[in-house]
file final16.tsv (TSV, C-alpha atoms)
chain	number	residue	atom	x	y	z
A	1	MET	CA	0.00	0.00	0.00
A	2	ALA	CA	1.36	3.46	-0.94
A	3	ARG	CA	2.33	5.56	2.07
A	4	LYS	CA	0.38	8.69	2.96
A	5	ARG	CA	1.71	11.85	1.29
A	6	THR	CA	3.18	14.58	3.46
A	7	ARG	CA	1.76	18.11	3.40
A	8	LEU	CA	4.61	19.39	1.26
A	9	GLU	CA	4.17	16.54	-1.20
A	10	ILE	CA	0.48	17.37	-1.59
A	11	ILE	CA	1.30	21.06	-2.17
A	12	ARG	CA	3.94	20.08	-4.74
A	13	ASP	CA	1.54	17.70	-6.52
A	14	MET	CA	-1.21	20.31	-6.67
A	15	LEU	CA	1.14	23.00	-7.96
A	16	GLN	CA	2.48	20.59	-10.57
A	17	VAL	CA	-1.06	19.73	-11.70
A	18	ILE	CA	-1.98	23.41	-12.01
A	19	LYS	CA	1.34	24.29	-13.69
A	20	ASP	CA	0.84	21.59	-16.35
A	21	ARG	CA	-2.33	23.36	-17.49
A	22	ASN	CA	-1.36	26.83	-16.44
A	23	GLY	CA	-4.22	29.30	-16.47
A	24	LYS	CA	-6.67	26.75	-17.73
A	25	ILE	CA	-7.33	24.27	-14.99
A	26	LYS	CA	-10.72	23.99	-13.33
A	27	PRO	CA	-11.29	22.89	-9.73
A	28	THR	CA	-12.76	19.56	-10.87
A	29	HIS	CA	-9.60	18.73	-12.84
A	30	ILE	CA	-7.48	19.52	-9.81
A	31	LEU	CA	-9.74	17.27	-7.74
A	32	TYR	CA	-9.27	14.30	-10.09
A	33	LYS	CA	-5.54	14.76	-10.58
A	34	SER	CA	-4.60	15.58	-7.00
A	35	ASN	CA	-6.24	12.51	-5.43
A	36	LEU	CA	-7.85	14.45	-2.61
A	37	SER	CA	-11.33	14.79	-1.20
A	38	HIS	CA	-13.25	17.94	-2.17
A	39	GLU	CA	-12.91	19.31	1.35
A	40	MET	CA	-9.15	18.73	1.48
A	41	MET	CA	-8.67	20.15	-2.00
A	42	SER	CA	-10.61	23.31	-1.10
A	43	SER	CA	-8.59	23.69	2.07
A	44	TYR	CA	-5.30	23.31	0.20
A	45	LEU	CA	-6.43	25.68	-2.57
A	46	ASP	CA	-7.20	28.33	0.06
A	47	GLU	CA	-3.78	27.74	1.58
A	48	LEU	CA	-2.04	28.01	-1.80
A	49	ILE	CA	-3.89	31.24	-2.59
A	50	GLY	CA	-3.07	32.59	0.89
A	51	LYS	CA	0.63	31.83	0.40
A	52	GLY	CA	0.64	33.48	-3.01
A	53	PHE	CA	1.52	30.27	-4.86
A	54	ILE	CA	-1.55	30.35	-7.13
A	55	VAL	CA	-4.12	32.87	-8.27
A	56	GLU	CA	-7.77	32.29	-8.91
A	57	HIS	CA	-9.35	33.64	-12.11
A	58	LYS	CA	-13.12	34.10	-11.99
A	59	SER	CA	-14.95	34.38	-15.26
A	60	ALA	CA	-18.35	33.72	-16.77
A	61	ILE	CA	-17.32	30.12	-17.49
A	62	GLY	CA	-16.21	29.51	-13.92
A	63	LYS	CA	-13.03	29.48	-11.80
A	64	ARG	CA	-9.57	28.75	-13.17
A	65	TYR	CA	-6.23	28.58	-11.42
A	66	SER	CA	-2.69	29.43	-12.43
A	67	VAL	CA	0.66	29.19	-10.68
A	68	THR	CA	2.45	32.40	-9.69
A	69	GLU	CA	6.19	33.07	-9.76
A	70	ARG	CA	6.32	32.29	-6.05
A	71	GLY	CA	4.61	28.97	-6.74
A	72	MET	CA	7.14	28.21	-9.48
A	73	GLU	CA	9.94	29.04	-7.07
A	74	PHE	CA	8.48	26.57	-4.57
A	75	LEU	CA	8.44	23.88	-7.24
A	76	GLY	CA	11.98	24.70	-8.32
A	77	LYS	CA	13.34	24.60	-4.80
A	78	TYR	CA	11.15	21.78	-3.51
A	79	HIS	CA	14.03	19.43	-2.77
A	80	GLU	CA	15.86	22.09	-0.82
A	81	ILE	CA	12.73	22.78	1.23
A	82	VAL	CA	12.17	19.08	1.96
A	83	GLU	CA	15.84	18.45	2.84
A	84	PHE	CA	15.75	21.22	5.42
A	85	THR	CA	12.27	20.66	6.88
A	86	GLU	CA	12.63	16.90	7.20
A	87	GLY	CA	16.23	17.05	8.29
A	88	PHE	CA	15.46	19.54	11.03
A	89	GLY	CA	12.33	17.70	12.13
A	90	LEU	CA	9.75	20.19	10.93
A	91	GLY	CA	6.29	19.27	9.64
B	1	MET	CA	26.69	35.95	47.88
B	2	SER	CA	26.08	33.17	45.31
B	3	ASP	CA	28.23	32.83	42.23
B	4	LEU	CA	26.72	32.58	38.75
B	5	TYR	CA	29.78	30.71	37.56
B	6	ILE	CA	33.54	30.49	38.14
B	7	ILE	CA	35.87	31.02	35.17
B	8	PRO	CA	39.41	29.60	35.31
B	9	ARG	CA	41.87	32.41	34.60
B	10	TRP	CA	43.50	30.52	31.71
B	11	PHE	CA	40.08	30.24	30.01
B	12	PHE	CA	39.59	34.00	29.74
B	13	GLY	CA	39.34	34.83	26.05
B	14	PHE	CA	38.64	31.26	24.98
B	15	ASP	CA	35.13	31.58	26.38
B	16	VAL	CA	34.55	34.73	24.28
B	17	VAL	CA	35.68	32.95	21.11
B	18	LEU	CA	33.49	29.91	21.82
B	19	GLU	CA	30.44	32.02	22.64
B	20	LEU	CA	30.91	33.92	19.39
B	21	LEU	CA	31.11	30.58	17.56
B	22	PHE	CA	27.84	29.48	19.19
B	23	GLY	CA	26.29	32.75	18.08
B	24	VAL	CA	27.48	32.31	14.51
B	25	ALA	CA	26.30	28.68	14.31
B	26	THR	CA	22.82	29.48	15.60
B	27	LEU	CA	22.62	32.57	13.39
B	28	ALA	CA	23.45	30.45	10.32
B	29	VAL	CA	20.62	28.04	11.12
B	30	ALA	CA	18.25	30.96	11.77
B	31	LEU	CA	19.07	32.66	8.47
B	32	TYR	CA	18.64	29.45	6.50
B	33	ALA	CA	15.34	28.74	8.23
B	34	PHE	CA	14.13	32.21	7.24
B	35	ARG	CA	15.27	31.58	3.66
B	36	ILE	CA	13.26	28.35	3.52
B	37	TYR	CA	10.30	30.20	5.03
B	38	SER	CA	10.53	32.89	2.34
B	39	ILE	CA	10.24	30.18	-0.34
B	40	SER	CA	7.80	27.76	1.27
B	41	ARG	CA	5.80	30.03	3.61
B	42	GLU	CA	5.84	27.17	6.13
B	43	ARG	CA	5.23	28.79	9.54
B	44	GLN	CA	7.30	26.18	11.37
B	45	CYS	CA	10.39	27.33	9.46
B	46	GLN	CA	9.76	30.90	10.55
B	47	THR	CA	9.25	29.77	14.14
B	48	MET	CA	12.49	27.81	14.08
B	49	GLY	CA	14.25	30.85	12.63
B	50	ILE	CA	12.98	33.04	15.46
B	51	GLY	CA	14.05	30.47	18.07
B	52	PHE	CA	17.57	30.16	16.72
B	53	LEU	CA	17.87	33.92	16.17
B	54	SER	CA	16.98	34.63	19.79
B	55	THR	CA	19.48	31.99	20.93
B	56	SER	CA	22.12	33.52	18.66
B	57	LEU	CA	21.50	36.95	20.16
B	58	ALA	CA	21.84	35.44	23.63
B	59	TYR	CA	25.27	34.02	22.79
B	60	PHE	CA	26.52	37.27	21.28
B	61	VAL	CA	25.42	39.08	24.44
B	62	TRP	CA	27.12	36.44	26.60
B	63	ALA	CA	30.32	36.90	24.60
B	64	GLY	CA	30.03	40.64	25.30
B	65	VAL	CA	29.65	39.99	29.03
B	66	SER	CA	32.66	37.65	28.99
B	67	LEU	CA	34.71	40.30	27.20
B	68	LEU	CA	33.60	42.88	29.76
B	69	LEU	CA	34.83	40.61	32.56
B	70	ILE	CA	38.25	40.45	30.92
B	71	ILE	CA	38.36	44.23	30.51
B	72	GLU	CA	37.31	44.74	34.15
B	73	ASN	CA	40.02	42.29	35.25
B	74	SER	CA	37.60	39.95	36.93
B	75	THR	CA	38.87	37.39	39.46
B	76	GLY	CA	36.88	34.71	37.68
B	77	ARG	CA	34.15	34.40	40.33
B	78	VAL	CA	31.11	35.94	38.65
B	79	SER	CA	28.16	36.90	40.84
B	80	LEU	CA	25.26	39.31	40.40
B	81	GLU	CA	26.50	41.47	43.30
B	82	GLN	CA	29.92	42.00	41.72
B	83	LEU	CA	28.76	42.82	38.20
B	84	THR	CA	28.67	46.39	36.98
B	85	ARG	CA	25.44	47.83	35.63
B	86	THR	CA	26.45	46.96	32.06
B	87	GLY	CA	27.33	43.45	33.12
B	88	LEU	CA	23.98	43.04	34.87
B	89	ILE	CA	22.09	44.22	31.79
B	90	GLY	CA	24.16	41.78	29.74
B	91	VAL	CA	23.48	38.82	32.03
B	92	PHE	CA	19.75	39.48	32.20
B	93	SER	CA	19.60	40.00	28.44
B	94	TYR	CA	21.45	36.72	27.91
B	95	VAL	CA	19.01	34.90	30.22
B	96	PHE	CA	15.99	36.52	28.55
B	97	PHE	CA	17.01	35.82	24.94
B	98	SER	CA	18.23	32.34	25.79
B	99	LEU	CA	14.97	31.33	27.46
B	100	ILE	CA	12.85	32.94	24.74
B	101	GLY	CA	14.87	31.08	22.11
B	102	LEU	CA	14.47	27.74	23.87
B	103	SER	CA	10.77	28.35	24.56
B	104	VAL	CA	10.20	29.10	20.87
B	105	LEU	CA	12.03	25.91	19.86
B	106	VAL	CA	9.90	23.89	22.31
B	107	TYR	CA	6.77	25.57	20.91
B	108	MET	CA	7.93	24.65	17.40
B	109	THR	CA	7.94	20.95	18.27
B	110	PHE	CA	4.19	20.82	18.92
B	111	PRO	CA	2.11	19.63	15.92
B	112	SER	CA	-0.60	22.17	16.68
B	113	ARG	CA	0.69	25.57	17.80
B	114	PRO	CA	-1.93	27.93	19.19
B	115	LYS	CA	-0.43	31.26	20.35
B	116	ARG	CA	-1.69	30.61	23.89
B	117	LEU	CA	0.66	27.65	24.10
B	118	PHE	CA	3.69	29.87	23.62
B	119	SER	CA	2.35	32.31	26.21
B	120	LEU	CA	1.97	29.38	28.63
B	121	ILE	CA	5.50	28.07	28.08
B	122	GLY	CA	7.10	31.53	28.23
B	123	THR	CA	5.18	32.63	31.31
B	124	LEU	CA	5.93	29.42	33.25
B	125	VAL	CA	9.61	29.70	32.43
B	126	LEU	CA	9.84	33.34	33.50
B	127	LEU	CA	7.83	32.73	36.70
B	128	VAL	CA	10.19	29.94	37.75
B	129	LEU	CA	13.13	32.28	37.29
B	130	ILE	CA	11.57	35.29	38.99
B	131	PHE	CA	10.51	33.40	42.11
B	132	SER	CA	13.52	31.13	42.56
B	133	GLN	CA	16.12	31.89	45.21
B	134	GLN	CA	19.03	30.42	43.27
B	135	LYS	CA	18.52	32.12	39.95
B	136	SER	CA	21.56	30.77	38.11
B	137	LEU	CA	20.71	27.17	39.09
B	138	ALA	CA	17.09	27.72	38.10
B	139	PHE	CA	18.17	29.17	34.75
B	140	TYR	CA	20.44	26.25	33.88
B	141	PHE	CA	17.95	23.61	35.04
B	142	VAL	CA	15.10	25.24	33.11
B	143	SER	CA	17.34	25.56	30.04
B	144	ALA	CA	18.35	21.91	30.36
B	145	PHE	CA	14.70	20.87	30.72
B	146	LEU	CA	13.62	22.86	27.65
B	147	THR	CA	16.58	21.49	25.66
B	148	PHE	CA	15.66	17.96	26.72
B	149	PHE	CA	12.13	18.56	25.39
B	150	VAL	CA	13.54	19.59	22.02
B	151	LEU	CA	15.93	16.62	22.10
B	152	SER	CA	13.06	14.19	22.72
B	153	HIS	CA	11.30	15.65	19.66
B	154	TYR	CA	14.36	14.91	17.52
B	155	VAL	CA	14.70	11.42	18.97
B	156	GLN	CA	11.13	10.68	17.83
B	157	LYS	CA	11.74	12.25	14.43
B	158	TYR	CA	14.94	10.26	13.91
B	159	ALA	CA	13.27	7.02	15.02
B	160	ARG	CA	10.72	7.57	12.23
B	161	SER	CA	12.86	9.01	9.43
B	162	ARG	CA	16.41	7.64	10.02
B	163	ARG	CA	17.80	10.68	8.17
B	164	THR	CA	21.46	11.63	8.62
B	165	THR	CA	20.56	15.29	9.07
B	166	THR	CA	18.04	14.47	11.79
B	167	LEU	CA	20.60	12.24	13.54
B	168	LEU	CA	23.14	15.08	13.55
B	169	VAL	CA	20.61	17.57	14.95
B	170	MET	CA	19.52	15.01	17.57
B	171	LEU	CA	23.11	14.38	18.67
B	172	GLY	CA	23.72	18.12	18.64
B	173	PHE	CA	20.86	18.78	21.04
B	174	ALA	CA	22.01	15.86	23.20
B	175	PHE	CA	25.38	17.58	23.69
B	176	ILE	CA	23.70	20.96	24.22
B	177	PHE	CA	21.50	19.35	26.90
B	178	LEU	CA	24.54	17.85	28.62
B	179	GLY	CA	26.27	21.21	28.42
B	180	MET	CA	23.33	22.98	30.09
B	181	LEU	CA	23.28	20.33	32.83
B	182	ASP	CA	26.99	20.71	33.35
B	183	PHE	CA	26.65	24.47	33.79
B	184	THR	CA	24.56	23.84	36.92
B	185	LEU	CA	27.89	22.91	38.56
B	186	ALA	CA	29.80	25.87	37.13
B	187	SER	CA	29.23	27.93	40.29
B	188	VAL	CA	30.83	25.17	42.37
B	189	ARG	CA	33.88	24.09	40.37
B	190	GLU	CA	35.54	26.11	37.62
B	191	VAL	CA	36.26	23.05	35.44
B	192	HIS	CA	32.55	22.72	34.74
B	193	TYR	CA	32.51	26.13	33.06
B	194	VAL	CA	35.08	24.78	30.61
B	195	ILE	CA	33.39	21.40	30.16
B	196	GLY	CA	30.04	23.13	29.58
B	197	HIS	CA	31.55	25.26	26.82
B	198	VAL	CA	33.18	22.22	25.18
B	199	LEU	CA	29.89	20.27	25.25
B	200	LEU	CA	28.03	23.22	23.73
B	201	LEU	CA	30.74	23.52	21.07
B	202	ILE	CA	30.34	19.88	20.06
B	203	GLY	CA	26.56	20.29	20.08
B	204	TYR	CA	26.48	23.37	17.86
B	205	MET	CA	29.10	21.98	15.50
B	206	LEU	CA	26.87	18.91	15.00
B	207	VAL	CA	23.88	21.18	14.26
B	208	MET	CA	26.05	23.13	11.78
B	209	ALA	CA	27.16	19.86	10.21
B	210	SER	CA	23.52	18.99	9.67
B	211	LEU	CA	23.02	22.30	7.87
B	212	LEU	CA	26.07	21.60	5.70
B	213	VAL	CA	24.67	18.17	4.80
B	214	VAL	CA	21.44	19.89	3.68
B	215	LEU	CA	23.43	22.40	1.61
B	216	ALA	CA	25.84	19.85	0.06
B	217	PRO	CA	23.55	18.63	-2.79
B	218	LEU	CA	22.70	22.26	-3.59
B	219	ARG	CA	26.37	23.19	-3.90
B	220	ARG	CA	26.82	20.32	-6.36
B	221	THR	CA	23.88	21.65	-8.41
B	222	TRP	CA	25.29	25.18	-8.38
B	223	HIS	CA	28.72	23.95	-9.53
B	224	ALA	CA	27.10	21.85	-12.27
B	225	LYS	CA	25.24	24.94	-13.56
B	226	GLU	CA	28.42	27.06	-13.75
B	227	PRO	CA	29.54	27.67	-17.36
B	228	ALA	CA	32.75	25.92	-18.44
B	229	SER	CA	35.80	28.17	-17.99
B	230	LYS	CA	37.04	27.39	-21.55
call {"tool": "encode", "arguments": {"input": "final16.tsv", "output": "structure tokens"}}
result
Amino acid sequence: MARKRTRLEIIRDMLQVIKDRNGKIKPTHILYKSNLSHEMMSSYLDELIGKGFIVEHKSAIGKRYSVTERGMEFLGKYHEIVEFTEGFGLG
Amino acid sequence: MSDLYIIPRWFFGFDVVLELLFGVATLAVALYAFRIYSISRERQCQTMGIGFLSTSLAYFVWAGVSLLLIIENSTGRVSLEQLTRTGLIGVFSYVFFSLIGLSVLVYMTFPSRPKRLFSLIGTLVLLVLIFSQQKSLAFYFVSAFLTFFVLSHYVQKYARSRRTTTLLVMLGFAFIFLGMLDFTLASVREVHYVIGHVLLLIGYMLVMASLLVVLAPLRRTWHAKEPASK
């Protein structure tokens, strides 16, 4: 059985999913690709917006999400973040 | 008159250098924690940064007090009654920043961190110090207790992850804990002041080593990205 993902892994996976369809991804696509419940996904989306990693675009056809520069930086430096946080017992 | 600690005359100067080293080591960890926070926005990284920064400040202040003792040609027996006003401010600042730093690190180890929890830890610690008769003993015992709490957190983390970096941090805090315990005897025998410094040195060097292990793969990546010289 696959082990449970850590918080940082979930954030990385969600950012990666959004980045792959940058500016075009709907919440339902994120839900399918991220392997989370609707409640968890909403919670993480709020967190990602709060941290400035993604922005929400509201239009007549519904909500879309795109990754910001800060979100791209997180993805680029993900290994560095994990090395430090796990090494120093955080999270 | 109760002594805070007794410094062997031959150790004057060495203690300043060591305390500055402790300050630099903890400052390095603090700065890196803030860097990771700036990228990840993980609050725990910020909290750790604040804890180590406060501890770093404490050590720089302690180094200043030690230097002041050399300048004032101290006999080596350091007590609150003998200290000048500057020395007193230095000692109390060291105690304050040190305990705040340790309290923040203890707070950081909790999975859920309501602000009231930090208030509880900080207030309890300060109350113990304010109302104790033997303040230096109380300070070192409280510091050792808080350090032990952080150490137990790293023992649990290492038991689960088996990471080299976590092992180094765990061993580092083990030596820091032993150093704090040893300082409880520094007002009785001068050798314990030296042993305490040596234990802290080993502890902080292990924590620094952990940081270097984290940075090592990044340095390889940076070197790989550098353009060829020819």
call {"tool": "closest_residue", "arguments": {"input": "final16.tsv", "among": "B:Val214, B:Phe11, B:Ile176, B:Val191", "to": "Ala33 in chain B", "atoms": "only C-alpha atoms"}}
result
B:Val214
call {"tool": "interface_residues", "arguments": {"input": "final16.tsv", "of": "chain A", "to": "chain B", "cutoff": "8 Å", "atoms": "all atoms listed in the file", "output": "PyMOL selection string"}}
result
chain A and resi 51+70+73-74+77+80-81+83-91
call {"tool": "residues_near_point", "arguments": {"input": "final16.tsv", "point": "(29.5, 19.4, 33.4)", "cutoff": "7 Å", "atoms": "all atoms listed in the file", "output": "PyMOL selection string"}}
result
chain B and resi 179+181-183+185+192+195-196
call {"tool": "closest_residue", "arguments": {"input": "final16.tsv", "among": "A:His79, A:Arg64, A:Arg21, A:Lys4", "to": "Leu45 in chain A", "atoms": "all atoms listed in the file"}}
result
A:Arg64
call {"tool": "atom_distance", "arguments": {"input": "final16.tsv", "atom1": "CA of Phe145 in chain B", "atom2": "CA of Gly90 in chain B"}}
result
23.0 Å
call {"tool": "closest_residue", "arguments": {"input": "final16.tsv", "among": "B:Gly203, B:Gly23, B:Gly87, B:Gly76", "to": "Ala186 in chain B", "atoms": "all atoms listed in the file"}}
result
B:Gly76
call {"tool": "residues_around", "arguments": {"input": "final16.tsv", "residues": "range 8-18 of chain A", "least_positions_apart": "4", "cutoff": "10 Å", "atoms": "all atoms listed in the file", "output": "MDAnalysis selection string"}}
result
(chainID A and resid 4 22:27 29:36 41 44:45 47:48 53:54 64:68 71:72 74:76 78 81:82 85 91) or (chainID B and resid 40 42)
call {"tool": "closest_residue", "arguments": {"input": "final16.tsv", "among": "B:Val65, B:Ala28, B:Val128, B:Ala58", "to": "Ser98 in chain B", "atoms": "all atoms listed in the file"}}
result
B:Ala58
call {"tool": "atom_distance", "arguments": {"input": "final16.tsv", "atom1": "CA of Tyr59 in chain B", "atom2": "CA of Glu19 in chain B"}}
result
5.5 Å
call {"tool": "closest_residue", "arguments": {"input": "final16.tsv", "among": "B:Ser187, B:Thr147, B:Thr55, B:Ser66", "to": "Leu88 in chain B", "atoms": "only C-alpha atoms"}}
result
B:Ser66
call {"tool": "residues_around", "arguments": {"input": "final16.tsv", "residues": "Leu120 in chain B", "least_positions_apart": "4", "cutoff": "12 Å", "atoms": "only C-alpha atoms", "output": "count of residues only"}}
result
12
call {"tool": "closest_residue", "arguments": {"input": "final16.tsv", "among": "B:Ala174, B:Val16, B:Ile6, B:Val142", "to": "Ile71 in chain B", "atoms": "all atoms listed in the file"}}
result
B:Val16
